[in-house]
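Coordinates from data.cif are shown below (mmCIF, C-alpha atoms).
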data_data
#
loop_
_atom_site.group_PDB
_atom_site.id
_atom_site.type_symbol
_atom_site.label_atom_id
_atom_site.label_comp_id
_atom_site.auth_asym_id
_atom_site.auth_seq_id
_atom_site.Cartn_x
_atom_site.Cartn_y
_atom_site.Cartn_z
ATOM 1 C CA VAL F 1 89.548 101.820 80.916
ATOM 2 C CA THR F 2 92.131 100.485 78.451
ATOM 3 C CA GLU F 3 89.672 100.755 75.578
ATOM 4 C CA GLY F 4 88.816 104.292 76.661
ATOM 5 C CA LYS F 5 92.492 105.278 76.652
ATOM 6 C CA GLN F 6 92.882 103.991 73.120
ATOM 7 C CA ILE F 7 89.821 105.904 71.911
ATOM 8 C CA LEU F 8 91.025 109.118 73.557
ATOM 9 C CA LEU F 9 94.347 108.897 71.748
ATOM 10 C CA GLU F 10 92.853 107.903 68.386
ATOM 11 C CA ARG F 11 90.262 110.680 68.431
ATOM 12 C CA SER F 12 92.104 113.425 70.229
ATOM 13 C CA ASN F 13 89.929 116.291 68.956
ATOM 14 C CA PHE F 14 87.669 116.411 72.007
ATOM 15 C CA LEU F 15 86.538 119.741 73.403
ATOM 16 C CA GLY F 16 87.036 118.247 76.851
ATOM 17 C CA ILE F 17 87.161 115.012 78.805
ATOM 18 C CA LEU F 18 84.705 114.784 81.677
ATOM 19 C CA CYS F 19 85.934 111.971 83.925
ATOM 20 C CA ASP F 20 84.775 110.715 87.294
ATOM 21 C CA LEU F 21 87.402 110.337 89.997
ATOM 22 C CA ASN F 22 86.352 106.729 90.645
ATOM 23 C CA LEU F 23 86.371 104.551 87.536
ATOM 24 C CA GLY F 24 86.273 101.212 89.306
ATOM 25 C CA GLU F 25 89.531 99.488 88.475
ATOM 26 C CA GLU F 26 91.383 102.773 88.069
ATOM 27 C CA LYS F 27 91.088 106.371 89.273
ATOM 28 C CA GLY F 28 90.411 109.320 87.036
ATOM 29 C CA THR F 29 93.668 110.824 88.269
ATOM 30 C CA GLU F 30 95.531 107.802 86.862
ATOM 31 C CA LEU F 31 93.892 108.349 83.477
ATOM 32 C CA PHE F 32 94.969 111.986 83.679
ATOM 33 C CA GLU F 33 98.587 110.982 84.405
ATOM 34 C CA TYR F 34 98.481 108.650 81.404
ATOM 35 C CA LEU F 35 97.248 111.484 79.170
ATOM 36 C CA ILE F 36 100.007 113.818 80.365
ATOM 37 C CA GLY F 37 102.545 111.290 79.082
ATOM 38 C CA GLU F 38 100.727 110.521 75.839
ATOM 39 C CA ASN F 39 99.011 113.763 74.788
ATOM 40 C CA SER F 40 99.603 116.834 76.943
ATOM 41 C CA GLU F 41 97.220 118.961 74.841
ATOM 42 C CA LEU F 42 94.410 116.550 75.620
ATOM 43 C CA ALA F 43 95.390 116.531 79.309
ATOM 44 C CA ARG F 44 94.821 120.323 79.377
ATOM 45 C CA ARG F 45 91.154 119.608 78.591
ATOM 46 C CA PHE F 46 90.676 117.064 81.371
ATOM 47 C CA VAL F 47 87.856 117.730 83.843
ATOM 48 C CA LEU F 48 87.788 115.564 86.943
ATOM 49 C CA VAL F 49 84.361 115.094 88.523
ATOM 50 C CA THR F 50 84.218 114.165 92.192
ATOM 51 C CA GLY F 51 81.792 113.947 95.043
ATOM 52 C CA GLY F 52 84.624 114.051 97.536
ATOM 53 C CA CYS F 53 88.023 112.537 97.967
ATOM 54 C CA THR F 54 89.877 111.610 101.120
ATOM 55 C CA ASP F 55 93.061 109.938 99.843
ATOM 56 C CA GLY F 56 94.946 113.016 98.623
ATOM 57 C CA SER F 57 94.693 112.208 94.905
ATOM 58 C CA LEU F 58 92.478 115.240 94.261
ATOM 59 C CA GLU F 59 95.005 117.572 95.882
ATOM 60 C CA ASP F 60 97.782 116.049 93.770
ATOM 61 C CA PHE F 61 95.692 116.554 90.633
ATOM 62 C CA VAL F 62 94.937 120.200 91.469
ATOM 63 C CA SER F 63 98.567 120.923 92.346
ATOM 64 C CA LYS F 64 99.633 120.104 88.775
ATOM 65 C CA GLY F 65 97.684 123.157 87.594
ATOM 66 C CA ILE F 66 96.700 121.582 84.295
ATOM 67 C CA GLY F 67 93.195 120.082 84.409
ATOM 68 C CA PHE F 68 89.956 121.203 86.006
ATOM 69 C CA VAL F 69 87.683 119.930 88.795
ATOM 70 C CA LEU F 70 83.890 119.898 89.008
ATOM 71 C CA HIS F 71 82.194 118.811 92.220
ATOM 72 C CA LYS F 72 79.130 116.612 92.491
ATOM 73 C CA PRO F 73 76.299 117.024 92.405
ATOM 74 C CA LEU F 74 76.823 118.624 89.004
ATOM 75 C CA ARG F 75 74.818 121.782 88.474
ATOM 76 C CA PRO F 76 74.087 123.304 85.053
ATOM 77 C CA SER F 77 75.737 126.679 85.673
ATOM 78 C CA PRO F 78 79.230 125.409 86.639
ATOM 79 C CA LEU F 79 79.066 122.849 83.829
ATOM 80 C CA TYR F 80 78.188 125.530 81.253
ATOM 81 C CA LYS F 81 81.002 127.736 82.553
ATOM 82 C CA MET F 82 83.413 124.821 82.228
ATOM 83 C CA ILE F 83 82.351 124.278 78.618
ATOM 84 C CA GLU F 84 82.962 127.975 77.899
ATOM 85 C CA THR F 85 86.419 127.728 79.494
ATOM 86 C CA LEU F 86 87.278 124.664 77.408
ATOM 87 C CA GLN F 87 86.151 126.419 74.224
ATOM 88 C CA GLU F 88 88.655 129.200 74.938
ATOM 89 C CA LEU F 89 91.633 126.804 75.137
#
Kindly return the structure encoded in the file as structure tokens.
Amino acid sequence: VTEGKQILLERSNFLGILCDLNLGEEKGTELFEYLIGENSELARRFVLVTGGCTDGSLEDFVSKGIGFVLHKPLRPSPLYKMIETLQEL
């Protein structure tokens, strides 16, 4: 995850960041919080992907009103719509 954070900051011209909620040693919501502090423009393009969450972290993420959420299983139509939304930012 540390290497990924460095790459995100070095190459901050991404259309969007598609990130799973569960990254193993860290949660996607923690990566999002890091980006808010380091590059708020990049945080606006953050898309959290989840198959379900029971610990409240998803609700906290949504309450910030900055990033986006896609639910698993990913379907083409919502993913395409998300890409269109990101292109408009």
Next item on the list: Would you mind reading off the distance between CA of Cys19 in chain F and CA of Ile7 in chain F, one decimal, in Å?
Entry: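 We find that CA of Cys19 in chain F and CA of Ile7 in chain F lie 14.0 Å from each other.
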Closest of F:Gln6, F:Ile17, F:Leu79, F:Arg11 to Arg45 in chain F, counting only C-alpha atoms, is F:Ile17
Can you translate the PyMOL selection byres ((chain F and resi 62-76) around 7) into the concrete residues it hits in this file, as a ChimeraX atom specification?
/F:43-51,58-61,77-80
In Å and to one decimal, CA of Tyr34 in chain F is distant from CA of Gly16 in chain F by 15.6 Å
Exercise. When the PyMOL selection byres ((chain F and resi 1-5) around 8) is applied to the file above, which residues end up in the set, as a list in words?
Worked result: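 Going through the file, the PyMOL selection byres ((chain F and resi 1-5) around 8) ends up selecting Gln6, Ile7, Leu8, Leu9, Leu23, Glu25, Glu26 and Leu31 of chain F.
CA of Glu33 in chain F is found 17.4 Å from CA of Phe14 in chain F.
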Top pick for closest residue to Met82 in chain F, considering F:Lys27, F:Leu35, F:Leu18, F:Ser12 and counting only C-alpha atoms |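 With only C-alpha atoms as the atom set, the closest residue is F:Leu18.
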If the box runs along x, y and z of the file and leaves 5 Å on each side of range 72-79 of chain F, what are its centre and edge lengths in Å, one decimal, as AutoDock Vina command-line options?
--center_x 76.7 --center_y 121.6 --center_z 88.2 --size_x 15.1 --size_y 20.1 --size_z 18.7
- Task: Find, counting only C-alpha atoms, the residue in F:Ser40, F:Leu15, F:Leu21, F:Gly28 that gets nearest to Thr85 in chain F.
- Result: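 Counting only C-alpha atoms, the residue closest to Thr85 in chain F is F:Leu15.
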The residue from F:Gly52, F:Ile36, F:Leu42, F:Glu88 with the smallest atom-to-atom distance to Asn22 in chain F, counting only C-alpha atoms, is F:Gly52
